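Colleague: Handing you a structure now.
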Amino acid sequence: MSDELKRNATDWATLIWQIVILAGSVTLVVLFARSFPYPSPTIQPLLDPQKRWPVEKIKRDWEEGNVPAGFLDYFLRDPERTVPAGNNIVAPADGIVRAISSDADWTYLDIALTLWDVHVQRSPLAGRVLSVETKGDTFMNGEFKNMVYLRDKMAPVQKVLTMETEFGVIKTRLITSIMAQRIRLWVQEGDELKKGQRIGQILLGSTVILQLPRDLPVAVKVGQRVAAGESLIMEANE
Amino acid sequence: MTGFRFTVAGRLAWPPVVLVAFHCLFVVLFDYAWRTVNAPFEWLLLGAAVAWLVTLGLLLVLFRRIAQKRTAGL
């Protein structure tokens with residue numbers, strides 16, 4: 001009798017284990033099917049950020065007001081940077097150099113931020129803040145061209161930080177997109193900034209324009225990836 | 001040859017449970033490989049088919065051996 005009871009208990013325990021295994025397996029497939037074509041929660045932690053949060057999914061979630069918490073944590077990261085010493089200018093933002101254009105007085109370095117870039121901007125060099133202005137009157141999709149960011153009317157909303165530096169007056173424009181619609185600036189007029197110091201944060205992907213005096217040589221090329229506070233934009237000759 | 005059984009002594013038999021779990025895991029692993037392996041989809045599919053066949057074959061052989069041992073033990 002005792003042996004039979006033991007055997008019954010073992011069979012019940014085995015059955016419960018089997019049900020757990022089957023339920024777990026089916027859950028994996030259901031999660032896969034519900035998430036497809038995007039990655040299922042099961043494999044998301046194993047993927048690179050770009051594959052974990054495809055841009056189409058983030059845009060869709062954003063429109064639905066349902067941005068994954070994990071993505072927001074990743075997006076708002078603010079790692080330390082090693083600012084290079086020397087007589088140079090560093091990139092104000094993470095991203096890819098999308099365009100380098102000039103007019104009579106200025107060179108404009110257009111840095112496009114993707115959703116996966118660090119969105120904290122840094123001072124390109126040491127200097128004093130002359131002004132902080134808010135310009136532009138509309139939210140664009142970030143894919144503007146032909147220096148549209150310089151127009152005062154129908155231009156994307158932007159914060160323009162003007163600094164007096166050893167290389168002359170430079171401007172850093174933090175530009176929002178439809179997805180962003182918000183810029184934080186942590187500096188104000190009269191502040192003395194160090195090279196590489198944090199100056200602000202664009203919330204969600206957009207653009208940063210570094211506006212330099214025309215006579216300064218630029219050491220980066222279109223298509224090059226740059227990191228805020230680390231990548232050299234210009235290095236003065238000794 | 002005793003045939004394939006779904007239940008044994010009031011519980012499920014292990015082979016169907018293992019086969020279901022294997023196929024579910026295989027789907028998830030294939031999804032992961034599809035997203036991470038940098039290879040043409042046709043090659044990935046071919047590789048997955050070979051892996052599926054080999055693993056399934058090994059599992060079936062394993063089930064058979066276990067069944068044979070149990071029969072011999074009785």
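Ordered as shown in the structure tokens, chains take letters A, B, and onward, while each chain numbers its residues from 1 and ligands are numbered from 1 in the order shown.
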Listing only residues of chain A within 12 Å of chain B, what is the closest atom pair and its distance in Å (to one decimal) for each, using only C-alpha atoms, sorted by chain and residue number ascending, as a tab-separated table?
Modeller:
residue	atom	partner	partner_atom	distance
A:Glu4	CA	B:Ala9	CA	11.7
A:Arg7	CA	B:Ala9	CA	9.6
A:Asn8	CA	B:Gly10	CA	8.7
A:Ala9	CA	B:Gly10	CA	11.1
A:Thr10	CA	B:Arg11	CA	10.0
A:Asp11	CA	B:Arg11	CA	6.2
A:Trp12	CA	B:Arg11	CA	7.1
A:Ala13	CA	B:Arg11	CA	9.3
A:Thr14	CA	B:Arg11	CA	7.3
A:Leu15	CA	B:Arg11	CA	5.2
A:Ile16	CA	B:Arg11	CA	8.9
A:Trp17	CA	B:Leu12	CA	10.1
A:Gln18	CA	B:Val17	CA	6.6
A:Ile19	CA	B:Val17	CA	8.5
A:Val20	CA	B:Val17	CA	10.2
A:Ile21	CA	B:Ala21	CA	7.0
A:Leu22	CA	B:Ala21	CA	6.4
A:Ala23	CA	B:Ala21	CA	9.2
A:Gly24	CA	B:Ala21	CA	8.2
A:Ser25	CA	B:Ala21	CA	5.2
A:Val26	CA	B:Cys24	CA	6.7
A:Thr27	CA	B:Cys24	CA	8.8
A:Leu28	CA	B:Cys24	CA	6.7
A:Val29	CA	B:Cys24	CA	5.9
A:Val30	CA	B:Cys24	CA	9.5
A:Leu31	CA	B:Val28	CA	9.4
A:Phe32	CA	B:Val28	CA	7.0
A:Ala33	CA	B:Val28	CA	9.9
A:Ser35	CA	B:Asp31	CA	11.1
A:Phe36	CA	B:Asp31	CA	9.4
A:Pro37	CA	B:Asp31	CA	9.6
A:Tyr38	CA	B:Arg35	CA	9.6
A:Pro39	CA	B:Asp31	CA	7.8
A:Ser40	CA	B:Val28	CA	8.5
A:Pro41	CA	B:Val28	CA	10.5
A:Thr42	CA	B:Val28	CA	8.0
A:Ile43	CA	B:Tyr32	CA	6.5
A:Gln44	CA	B:Tyr32	CA	9.0
A:Pro45	CA	B:Tyr32	CA	10.9
A:Leu46	CA	B:Tyr32	CA	8.5
A:Leu47	CA	B:Thr36	CA	7.6
A:Asp48	CA	B:Thr36	CA	8.9
A:Pro49	CA	B:Thr36	CA	12.0
A:Gln50	CA	B:Arg35	CA	10.9
A:Lys51	CA	B:Arg35	CA	7.5
A:Arg52	CA	B:Arg35	CA	9.5
A:Pro54	CA	B:Arg35	CA	11.3
Colleague: Could you pull out the strand (DSSP E) residues of chain B, going by DSSP on the backbone, and write them as a compact mmCIF listing (two decimals) with N, CA and C atoms, in the first residue's frame?
Modeller:
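Output contents, as saved in selection_34.txt:
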# COMPACT_ATOMS: atom_id res chain seq x y z
N THR B 7 0.14 8.41 -22.96
CA THR B 7 0.02 8.38 -21.50
C THR B 7 0.62 7.09 -20.96
N VAL B 8 1.16 7.20 -19.74
CA VAL B 8 1.71 6.05 -19.05
C VAL B 8 1.31 6.16 -17.59
N ARG B 11 -0.17 9.40 -16.24
CA ARG B 11 0.50 10.66 -16.55
C ARG B 11 0.87 10.64 -18.03
N LEU B 12 1.46 11.75 -18.50
CA LEU B 12 1.87 11.79 -19.91
C LEU B 12 3.15 10.99 -20.10
Colleague: Give me, as a PyMOL selection string, the residues of chain B that a backbone DSSP run labels helix (DSSP H, G or I).
Modeller: chain B and resi 14-36+41-73
Colleague: Suppose you want the space between atom CA of A:Gln201 and atom CA of A:Arg81; what is it in Å?
Modeller: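 Those two atoms sit 15.2 Å apart.
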Colleague: In Å, how far is it from atom CA of A:Val132 to atom CA of A:Val187?
Modeller: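 Result for atom CA of A:Val132 versus atom CA of A:Val187: 8.1 Å, one decimal.
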Colleague: So which residues touch A:Leu113 within 7 Å, counting only C-alpha atoms, skipping near sequence neighbours fewer than 5 positions away, as a list in words?
Modeller: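 Result of the neighbour search: Asp94, Gly95, Ile96, Gly205, Ser206 and Thr207 of chain A.
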Colleague: Pick from A:Pro79, A:Pro217, A:Pro84, A:Gly65: nearest to A:Leu109, with only C-alpha atoms counted?
Modeller: A:Pro217
